[in-house]
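Here the structure comes first, spelled out in structure tokens, and everything after it is commentary.
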Amino acid sequence: MEKKDSASKFELHMIGHGHIDPVWLWRWTEGYAEVRSTFASALDRMNETPDFIFTASSACFYQWVKESDPSLFAQIKKRVAEGRWEITGGFWVEPDCNIPCGESFVRQGLYSQRFFEKEFGKRVRVGFNPDSFGHAGSLPQILKKLGMEFYCYMRPQPEMGEKEYPQGTLFLWKGKDGSTLLTAQLPFCYDGLVQDIRLRADLLPKSPYLHPQQRHALCFYGVGNHGGGPTRETVQCILDWQEKAENPDVALTFSTLENFFDTVAKEIPADALPSMNEELQYHARGCYSVHEEIKRLNRKVKHSLMTAERFATAAWLLESLDYPHDAFEKCWKDLLFNQFHDTLGGTSLQSAYEDSRDQLGAARHRADVILNQSVQSIARDVDTSAEGNPILVINPLPWPVMSPVVVPPSIRTNLTTDRHNQSDDIHIVDGQGEAVPVQTIRGERIGHTRHSFVAEVPAMGYTVFHARSNRKKYKHNLSLNCEKNVLENHWWRMEFCPKTGEISRLFDKLHHVEVLKRGGILSVMSDPGDTWGHTLDGFRVEAGRFDRAKLEIVEEGDVQVTMRCISHFDRSIAIVEYTLYRAIAHISVTMRVNWQQQHQALKYGFETSIENGQAVWDSPYGYQERPATGMEEPGGQWFDLSGEIDGRPYGFAVLNDCKYSSDILKDTMRVTLLRSPAYAHHDPHRYNIDEMWPVIDQGWHSMHFGFIPHTGGWRDTHVVKRAWELNSPVFIHQEARHMGKFRKRAGLLGTESPNVLLTVIKCSEDGEDIIVRGFETAGEQAQTRLHLPYFDKAFCLCFEPHEIKTIRINRQDWTFKEVNLLEEPDSE
């Protein structure tokens with residue numbers, strides 16, 4: 001038979017790969033060993049077959065090999081230089097691509113690209129997350145600004161009915177800001193044996209998902225999940241195909257992801273490719289909520305790190321301390337490793353999560369140590385010399401905040417000369433000596449009391465207050481009241497059902513709007529699926545609700561009123577406390593749940609009065625609109641429903657400090673609090689009750705929420721910043737009385753634009769420059785000024801809609817330039 005010209009053949013780019021889950025049905029130590037053995041096996045295949053090429057992602061894996069087997073690492077470096085070993089992915093691990101915050105994705109790329117360039121002299125051009133359970137719509141901008149041009153993923157898969165691809169699985173993925181990546185959905189699977197290669201060679205050339213001009217496709221092969229990589233048999237299968245021309249119309253070529261994308265980009269003009277202007281969803285919706293502890297630790301650690309970075313930068317700029325680069329990098333890498341998709345997704349073994357708890361606890365502790373050192377080094381030079389015991393109220397966020405503050409009983413120490421009669425009767429004054437309302441509230445143990453007040457604190461700064469003896473009487477301009485089943489202040493009236501503990505009424509007093517039909521509904525949902533929730537798209541069957549409530553006013557005074565509701569379902573107990581304040585419009589909720597249900601989920605719901613609502617969720621460095629159809633959706637620190645109540649624009653936002661899953665059906669919003677399948681239970685395996693497999697999320701859980709009823713849309717109500725304030729609240733530092741060079745109230749850095757949110761203030765990875773990063777929150781252009789008042793400096797900035805902007809400030813001459821997420825001037 002006459003051989004066809006290679007240009008007329010359909011070419012399969014054979015990608016030799018060994019998918020490695022460093023943690024899943026095994027602990028990280030076993031994953032570590034599998035990395036080494038898989039990489040060694042790939043080198044063996046190269047020695048046997050001169051044309052063989054291997055592709056591997058995850059900078060963490062290369063770091064492990066470098067540390068544990070320098071000889072193996074040297075061989076890999078040689079093969080990379082030869083072009084026979086492709087480094088791909090550009091991330092520390094292959095993370096969950098919905099749950100991490102925007103800055104986590106930035107650090108995944110920042111540390112990885114720097115590692116690859118240092119060790120291999122090159123950067124990754126192809127983003128690669130084949131096994132992640134969906135991909136946030138803001139990733140194109142993040143990846144592009146990390147130096148990546150292409151993206152390859154597997155899930156959601158058209159063959160599984162998870163997503164429709166009417167124009168094919170090769171497309172331009174476009175972010176809201178306009179960033180574009182040439183993107184390919186990986187067909188079939190990220191691994192494959194001999195029989196898979198032959199089947200795919202038959203099916204791929206006639207796939208209905210090919211672009212009409214496409215003559216090249218990806219075909220992965222190798223043993224995966226627990227590592228392994230390409231076998232001799234699969235390599236020989238490809239060689240035999242090439243030699244015998246089993247199908248003269250199909251060519252099998254040892255290739256790389258980068259070569260595939262470069263070839264396709266030349267083959268098909270960009271204007272001939274379809275655009276995908278949306279997030280890439282859905283797969284395994286149960287992963288957004290399962291394993292509450294790993295989700296909570298992820299949120300807490302990332303905020304701890306970002307707060308510590310800001311104040312370490314402040315201490316460095318004020319020449320109080322050196323900046324701890326190495327410590328931060330280690331902390332971030334521990335967090336990034338635990339954002340691996342099977343870890344953060346909640347689908348690993350119980351023993352794996354014991355490791356995660358240790359790793360994330362260590363990272364958070366190191367961050368807290370750095371924060372404490374930084375605050376102490378600054379506080380020693382603050383003027384705290386006024387009468388009384390000093391309290392520094394510190395705002396970790398780069399915008400002014402007015403927030404409740406709680407101080408411990410030690411603030412009363414030595415306010416009287418009688419050591420045995422340290423009275424609760426104190427008052428607190430601000431920097432001008434004016435008394436601020438203060439209230440004695442419950443403490444953290446029996447017979448223990450603390451004090452609450454409301455403080456106004458400048459952007460990324462502090463205000464000094466002093467506690468003094470004797471109680472003051474205050475004249476109030478704003479109302480604050482409570483009755484048996486009612487809380488009320490200047491803004492809201494909240495009424496509660498005495499039988500269920502639910503909110504029976506939330507009334508907006510200023511605008512005369514009935515916001516909720518009812519709310520605070522704790523619904524127990526049937527959840528018979530596996531850990532991933534593979535068959536789940538939403539929770540529809542209610543098994544029951546918490547009731548048998550006991551309501552009690554537990555705080556009442558000059559600052560706040562708090563209603564406690566204790567309710568029950570079966571063997572589970574929920575303790576929910578709702579708080580209103582006199583001076584601010586916050587509605588705060590603290591919840592503790594002792595969850596004893598198995599194969600059920602817990603929802604926290606609100607039946608609003610909103611009609612024609614638009615549903616919006618927080619997403620990494622952005623937001624995502626979705627239809628209000630009751631499907632389980634991924635989301636971060638807030639979600640919102642805005643529409644109309646009685647013909648006027650109105651909305652309702654729910655903020656949280658540790659949740660990532662919720663749904664909205666017409667006018668009803670629900671947060672998913674807990675899910676309780678067995679650990680790592682994957683369909684079609686059966687769960688038998690007599691085998692006593694451990695079940696997830698049993699026991700006590702703590703969480704916090706905030707409600708924002710609002711006129712107009714969410715963009716006009718500072719929802720995004722309020723969510724950050726809930727997650728990164730003001731904190732206190734108790735300092736001795738002394739003179740100091742710093743004023744009693746000061747801020748280091750901030751910006752005034754309502755739709756620009758600054759997230760990162762840090763020292764540059766190389767050099768001694770200041771890195772400031774922020775993003776535009778509302779999809780609207782913003783002109784703003786970045787202020788550094790202590791240094792009497794300001795910079796004018798323009799944010800385009802949805803833009804993530806990073807600037808680099810030279811602190812020697814106070815000039816700045818815009819840079820990409822690698823902290824370098826963009827080459828484009």
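Labels for the structure tokens follow display order: chains A, B, ..., residues from 1 in each chain, ligands from 1.
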For this session: Excluding region 481-487 of chain A and residues on its chain fewer than 3 positions from it, collect all residues at most 7 Å away from it, counting only C-alpha atoms, and give them as a PyMOL selection string.
Result: chain A and resi 493-496+498+561
Write a file of the just-selected residues containing C-alpha atoms, as a PDB file, in the first residue's frame.
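Below is the file out22.pdb, written as the result:
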ATOM      1  CA  ARG A 493     -35.937  44.357  63.313  1.00  0.00           C
ATOM      2  CA  MET A 494     -35.393  40.597  63.628  1.00  0.00           C
ATOM      3  CA  GLU A 495     -38.115  38.314  64.985  1.00  0.00           C
ATOM      4  CA  PHE A 496     -37.612  34.632  65.796  1.00  0.00           C
ATOM      5  CA  PRO A 498     -39.963  30.246  69.461  1.00  0.00           C
ATOM      6  CA  VAL A 561     -27.743  42.540  71.764  1.00  0.00           C
TER       7      VAL A 561
END
Exercise. Which residues, written as a list in words, have at least one atom at most 12 Å from Asn259 (chain A), with only C-alpha atoms counted and residues fewer than 6 positions away on the same chain left out?
Worked result: Leu12, His13, Met14, Ile15, Ile53, Thr55, Gly83, Arg84, Glu86, Thr88, Arg125, Val126, Phe150, His216, Ala217, Leu218, Thr253, Ala265 and Lys266 of chain A
Atoms kept (C-alpha atoms) for selection, written as a PDB file, in the first residue's frame:
ATOM      1  CA  LEU A  12      -2.138  11.853  17.506  1.00  0.00           C
ATOM      2  CA  HIS A  13       0.301  13.586  19.811  1.00  0.00           C
ATOM      3  CA  MET A  14       1.238  10.752  22.159  1.00  0.00           C
ATOM      4  CA  ILE A  15       1.826  12.257  25.600  1.00  0.00           C
ATOM      5  CA  ILE A  53       9.251  11.838  25.552  1.00  0.00           C
ATOM      6  CA  THR A  55       5.541  14.959  30.437  1.00  0.00           C
ATOM      7  CA  GLY A  83      13.830  18.394  25.008  1.00  0.00           C
ATOM      8  CA  ARG A  84      12.823  14.838  25.925  1.00  0.00           C
ATOM      9  CA  GLU A  86       8.545  18.235  29.300  1.00  0.00           C
ATOM     10  CA  THR A  88       4.241  21.366  32.356  1.00  0.00           C
ATOM     11  CA  ARG A 125       3.933  27.713  28.896  1.00  0.00           C
ATOM     12  CA  VAL A 126       1.115  25.168  29.369  1.00  0.00           C
ATOM     13  CA  PHE A 150      -2.139  27.429  26.848  1.00  0.00           C
ATOM     14  CA  HIS A 216      -4.005  16.992  15.487  1.00  0.00           C
ATOM     15  CA  ALA A 217      -5.281  15.612  18.790  1.00  0.00           C
ATOM     16  CA  LEU A 218      -3.941  14.692  22.214  1.00  0.00           C
ATOM     17  CA  THR A 253       3.956  10.702  17.286  1.00  0.00           C
ATOM     18  CA  ALA A 265      -1.991  27.401  16.800  1.00  0.00           C
ATOM     19  CA  LYS A 266      -0.278  27.330  13.401  1.00  0.00           C
TER      20      LYS A 266
END
For this session: Would you please work out which residue, of A:Arg670, A:His710, A:His341, A:Arg215, is nearest to Asn98 (chain A) when using only C-alpha atoms?
Result: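 Checking each candidate against Asn98 (chain A), we get A:His341 as the closest.
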For this session: Excluding Leu371 (chain A) and any residue of its chain fewer than 4 positions from it, enumerate the residues within 7 Å of it, using only C-alpha atoms, and give them as a PyMOL selection string.
Result: chain A and resi 308+311-312+367+375
For this session: Give the alpha helix (DSSP H) residues of region 144-370 of chain A, as assigned by DSSP on the backbone, as number ranges by chain.
Result: A: 144-145, 194-203, 232-244, 257-267, 292-317, 325-337, 341-344, 350-370
Based on the selection just made, write C-alpha atoms of those residues as a CSV table (one decimal), in the first residue's frame.
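As written to disk, out-v5.csv reads:
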chain,number,residue,atom,x,y,z
A,144,LYS,CA,-1.7,34.6,31.4
A,145,LYS,CA,-0.1,36.9,33.9
A,194,VAL,CA,-2.1,-0.7,24.9
A,195,GLN,CA,-5.8,-1.4,24.4
A,196,ASP,CA,-6.7,2.3,25.1
A,197,ILE,CA,-4.1,3.5,22.6
A,198,ARG,CA,-5.6,1.4,19.8
A,199,LEU,CA,-9.2,2.4,20.7
A,200,ARG,CA,-8.4,6.1,20.8
A,201,ALA,CA,-6.5,5.9,17.5
A,202,ASP,CA,-9.7,4.6,16.0
A,203,LEU,CA,-12.1,7.0,17.7
A,232,ARG,CA,7.4,-0.8,27.8
A,233,GLU,CA,4.3,-2.3,26.2
A,234,THR,CA,2.7,1.0,25.5
A,235,VAL,CA,5.9,2.5,24.1
A,236,GLN,CA,6.3,-0.6,21.9
A,237,CYS,CA,2.7,-0.3,20.7
A,238,ILE,CA,3.5,3.2,19.5
A,239,LEU,CA,6.7,2.1,17.8
A,240,ASP,CA,4.9,-0.9,16.1
A,241,TRP,CA,2.2,1.5,14.9
A,242,GLN,CA,4.8,3.8,13.4
A,243,GLU,CA,6.7,0.9,11.8
A,244,LYS,CA,3.7,-1.1,10.4
A,257,LEU,CA,1.7,19.4,25.2
A,258,GLU,CA,3.7,22.4,24.1
A,259,ASN,CA,4.4,21.0,20.7
A,260,PHE,CA,0.7,20.1,20.3
A,261,PHE,CA,-0.5,23.6,21.1
A,262,ASP,CA,2.2,25.3,18.9
A,263,THR,CA,1.1,23.0,16.1
A,264,VAL,CA,-2.6,23.7,16.5
A,265,ALA,CA,-2.0,27.4,16.8
A,266,LYS,CA,-0.3,27.3,13.4
A,267,GLU,CA,-2.9,25.0,11.9
A,292,GLU,CA,-15.4,20.9,56.7
A,293,GLU,CA,-12.1,21.0,58.5
A,294,ILE,CA,-9.9,21.1,55.4
A,295,LYS,CA,-12.0,23.9,54.0
A,296,ARG,CA,-11.9,25.9,57.2
A,297,LEU,CA,-8.1,25.4,57.6
A,298,ASN,CA,-7.6,26.5,54.0
A,299,ARG,CA,-9.5,29.7,54.6
A,300,LYS,CA,-7.9,30.5,57.9
A,301,VAL,CA,-4.3,29.8,56.8
A,302,LYS,CA,-4.5,31.9,53.6
A,303,HIS,CA,-5.8,34.9,55.6
A,304,SER,CA,-3.2,34.3,58.3
A,305,LEU,CA,-0.4,34.3,55.7
A,306,MET,CA,-1.7,37.4,53.9
A,307,THR,CA,-2.1,39.3,57.1
A,308,ALA,CA,1.3,38.3,58.3
A,309,GLU,CA,2.8,39.4,55.0
A,310,ARG,CA,1.2,42.9,55.3
A,311,PHE,CA,2.6,43.5,58.8
A,312,ALA,CA,6.0,42.0,58.1
A,313,THR,CA,6.1,44.5,55.2
A,314,ALA,CA,5.2,47.3,57.5
A,315,ALA,CA,7.9,46.3,60.0
A,316,TRP,CA,10.4,46.0,57.2
A,317,LEU,CA,9.5,49.4,55.8
A,325,HIS,CA,11.3,35.6,52.7
A,326,ASP,CA,12.2,32.0,53.4
A,327,ALA,CA,9.7,31.5,56.2
A,328,PHE,CA,6.8,32.8,54.0
A,329,GLU,CA,7.8,30.7,51.1
A,330,LYS,CA,7.7,27.5,53.3
A,331,CYS,CA,4.4,28.5,54.8
A,332,TRP,CA,2.8,29.2,51.4
A,333,LYS,CA,4.1,25.9,50.0
A,334,ASP,CA,2.5,24.0,52.8
A,335,LEU,CA,-0.8,25.6,52.0
A,336,LEU,CA,-0.4,25.1,48.3
A,337,PHE,CA,0.4,21.4,48.7
A,341,HIS,CA,-7.6,18.6,44.4
A,342,ASP,CA,-8.1,15.3,46.3
A,343,THR,CA,-7.0,17.0,49.5
A,344,LEU,CA,-8.9,20.2,49.4
A,350,GLN,CA,-8.8,10.0,57.2
A,351,SER,CA,-5.1,9.5,57.9
A,352,ALA,CA,-4.2,11.9,55.1
A,353,TYR,CA,-6.2,14.6,56.8
A,354,GLU,CA,-4.4,14.1,60.0
A,355,ASP,CA,-1.2,15.0,58.0
A,356,SER,CA,-2.9,18.0,56.5
A,357,ARG,CA,-4.0,19.2,60.0
A,358,ASP,CA,-0.4,19.1,61.1
A,359,GLN,CA,1.0,20.8,58.0
A,360,LEU,CA,-1.5,23.6,57.9
A,361,GLY,CA,-1.3,24.1,61.6
A,362,ALA,CA,2.4,24.5,61.3
A,363,ALA,CA,2.0,27.0,58.5
A,364,ARG,CA,-0.5,29.0,60.4
A,365,HIS,CA,1.6,29.0,63.5
A,366,ARG,CA,4.6,30.2,61.6
A,367,ALA,CA,2.5,33.0,60.1
A,368,ASP,CA,1.2,33.9,63.6
A,369,VAL,CA,4.7,34.1,64.9
A,370,ILE,CA,5.8,36.5,62.1
For this session: Do a neighbour search on Tyr190 (chain A) at 8 Å with only C-alpha atoms, toss out local chain neighbours closer than 6 positions, and write the hits as a list in words.
Result: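 Selected residues are His17, His19, Pro130, Met154, Phe220, Tyr221 and Gly224 of chain A.
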Could the residues in this selection be saved with N, CA and C atoms as a compact mmCIF listing (two decimals), in the first residue's frame?
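Output (result-v9.txt):
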# COMPACT_ATOMS: atom_id res chain seq x y z
N HIS A 17 2.89 9.98 30.12
CA HIS A 17 2.53 10.66 31.36
C HIS A 17 2.27 9.63 32.44
N HIS A 19 0.13 10.10 35.79
CA HIS A 19 -0.61 10.96 36.72
C HIS A 19 -0.35 10.52 38.15
N PRO A 130 -5.43 18.25 34.79
CA PRO A 130 -6.35 17.30 34.15
C PRO A 130 -7.42 16.73 35.07
N MET A 154 -9.05 17.97 31.83
CA MET A 154 -9.89 16.84 31.42
C MET A 154 -11.35 17.01 31.85
N PHE A 220 -3.12 10.70 25.63
CA PHE A 220 -2.25 10.39 26.77
C PHE A 220 -2.13 8.88 26.94
N TYR A 221 -0.98 8.46 27.43
CA TYR A 221 -0.80 7.05 27.75
C TYR A 221 0.14 6.93 28.94
N GLY A 224 -1.46 5.63 35.79
CA GLY A 224 -1.61 6.84 36.57
C GLY A 224 -2.31 6.66 37.89
Return as CSV the residues of region 104-212 of chain A lying at most 12 Å from region 520-542 of chain A, together with the closest atom-to-atom pair for each and the distance in Å to one decimal, counting only C-alpha atoms, with rows in chain order and ascending residue number.
residue,atom,partner,partner_atom,distance
A:Ser132,CA,A:Trp532,CA,11.9
A:Phe133,CA,A:Trp532,CA,9.5
A:Pro156,CA,A:His534,CA,11.9
A:Met160,CA,A:His534,CA,10.9
A:Gly161,CA,A:Thr535,CA,11.5
A:Glu162,CA,A:Asp537,CA,10.4
Problem set entry | Glu119 (chain A) surroundings by only C-alpha atoms, 12 Å radius, close-in-sequence under 5 positions cut, as a list of chain:residue names | A:Ala59, A:Tyr62, A:Gln63, A:Lys66, A:Phe73, A:Ala74, A:Ile76, A:Lys77, A:Lys78, A:Val80, A:Ala81, A:Ile87, A:Ser112, A:Gln113, A:Arg114
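When CA of Asn594 (chain A) is paired with CA of Val576 (chain A), their separation reads 11.5 Å.
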Counting only C-alpha atoms, which residues in region 686-801 of chain A sit no more than 12 Å from region 568-574 of chain A? For each one, give the nearest pair of atoms and the distance in Å, sorted by chain then residue number, as a tab-separated table.
residue	atom	partner	partner_atom	distance
A:Gln698	CA	A:Ser572	CA	9.7
A:Gly699	CA	A:Ser572	CA	8.8
A:Trp700	CA	A:Ile573	CA	9.2
A:His701	CA	A:Ala574	CA	9.5
A:Ser702	CA	A:Ala574	CA	10.0
A:Met703	CA	A:Ala574	CA	11.2
Now that the selection is made, can you save its residues with N, CA and C atoms as a PDB file, in the first residue's frame?
ATOM      1  N   GLN A 698     -18.128  14.350  61.591  1.00  0.00           N
ATOM      2  CA  GLN A 698     -18.844  14.074  62.831  1.00  0.00           C
ATOM      3  C   GLN A 698     -18.289  14.951  63.959  1.00  0.00           C
ATOM      4  N   GLY A 699     -19.176  15.416  64.853  1.00  0.00           N
ATOM      5  CA  GLY A 699     -18.727  16.172  66.015  1.00  0.00           C
ATOM      6  C   GLY A 699     -18.997  17.659  65.901  1.00  0.00           C
ATOM      7  N   TRP A 700     -18.234  18.442  66.695  1.00  0.00           N
ATOM      8  CA  TRP A 700     -18.462  19.875  66.811  1.00  0.00           C
ATOM      9  C   TRP A 700     -17.793  20.657  65.685  1.00  0.00           C
ATOM     10  N   HIS A 701     -18.515  21.673  65.198  1.00  0.00           N
ATOM     11  CA  HIS A 701     -18.002  22.568  64.166  1.00  0.00           C
ATOM     12  C   HIS A 701     -18.404  23.996  64.514  1.00  0.00           C
ATOM     13  N   SER A 702     -17.500  24.933  64.267  1.00  0.00           N
ATOM     14  CA  SER A 702     -17.777  26.357  64.513  1.00  0.00           C
ATOM     15  C   SER A 702     -17.675  27.132  63.212  1.00  0.00           C
ATOM     16  N   MET A 703     -18.561  28.115  63.036  1.00  0.00           N
ATOM     17  CA  MET A 703     -18.564  28.904  61.801  1.00  0.00           C
ATOM     18  C   MET A 703     -19.215  30.253  62.065  1.00  0.00           C
TER      19      MET A 703
END
For this session: Work out how far CA of Val654 (chain A) is from CA of Ala549 (chain A), in Å to one decimal.
Result: 22.9 Å
For this session: Identify, on the basis of only C-alpha atoms, every residue whose closest approach to region 447-464 of chain A does not exceed 8 Å; exclude the query and any residue fewer than 2 positions from it along the same chain; express the result as a PyMOL selection string.
Result: chain A and resi 384+390-409+424+430-431+436-445+466+559+583+744-750
Exercise. What lies within 6 Å of Ser642 (chain A) using only C-alpha atoms, ignoring chain neighbours under 6 positions off, as a VMD selection string?
Worked result: chain A and resid 613 to 614 650 to 651 713
Output N, CA, C and O atoms of each residue in that selection to a file, as a tab-separated table (two decimals), in the first residue's frame.
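Writing the result to result-v3.tsv gives the following:
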chain	number	residue	atom	x	y	z
A	613	GLY	N	-34.59	37.73	40.67
A	613	GLY	CA	-33.25	37.89	41.21
A	613	GLY	C	-32.14	37.39	40.29
A	613	GLY	O	-32.32	36.45	39.50
A	614	GLN	N	-30.98	38.04	40.39
A	614	GLN	CA	-29.75	37.62	39.73
A	614	GLN	C	-28.82	37.05	40.80
A	614	GLN	O	-28.51	37.72	41.78
A	650	TYR	N	-33.59	45.55	45.31
A	650	TYR	CA	-33.20	45.10	46.64
A	650	TYR	C	-32.49	43.75	46.52
A	650	TYR	O	-32.74	42.97	45.60
A	651	GLY	N	-31.59	43.50	47.49
A	651	GLY	CA	-30.86	42.24	47.47
A	651	GLY	C	-30.49	41.78	48.87
A	651	GLY	O	-30.69	42.48	49.86
A	713	GLY	N	-28.07	46.96	43.87
A	713	GLY	CA	-27.34	45.74	43.61
A	713	GLY	C	-26.18	45.54	44.57
A	713	GLY	O	-25.82	46.43	45.35
For this session: Taking the DSSP assignment computed from this structure's backbone, write out as a PyMOL selection string all residues of region 714-812 of chain A that belong to strand (DSSP E).
Result: chain A and resi 731-734+745-747+750-751+756-763+770-776+782-788+793-799+804-810
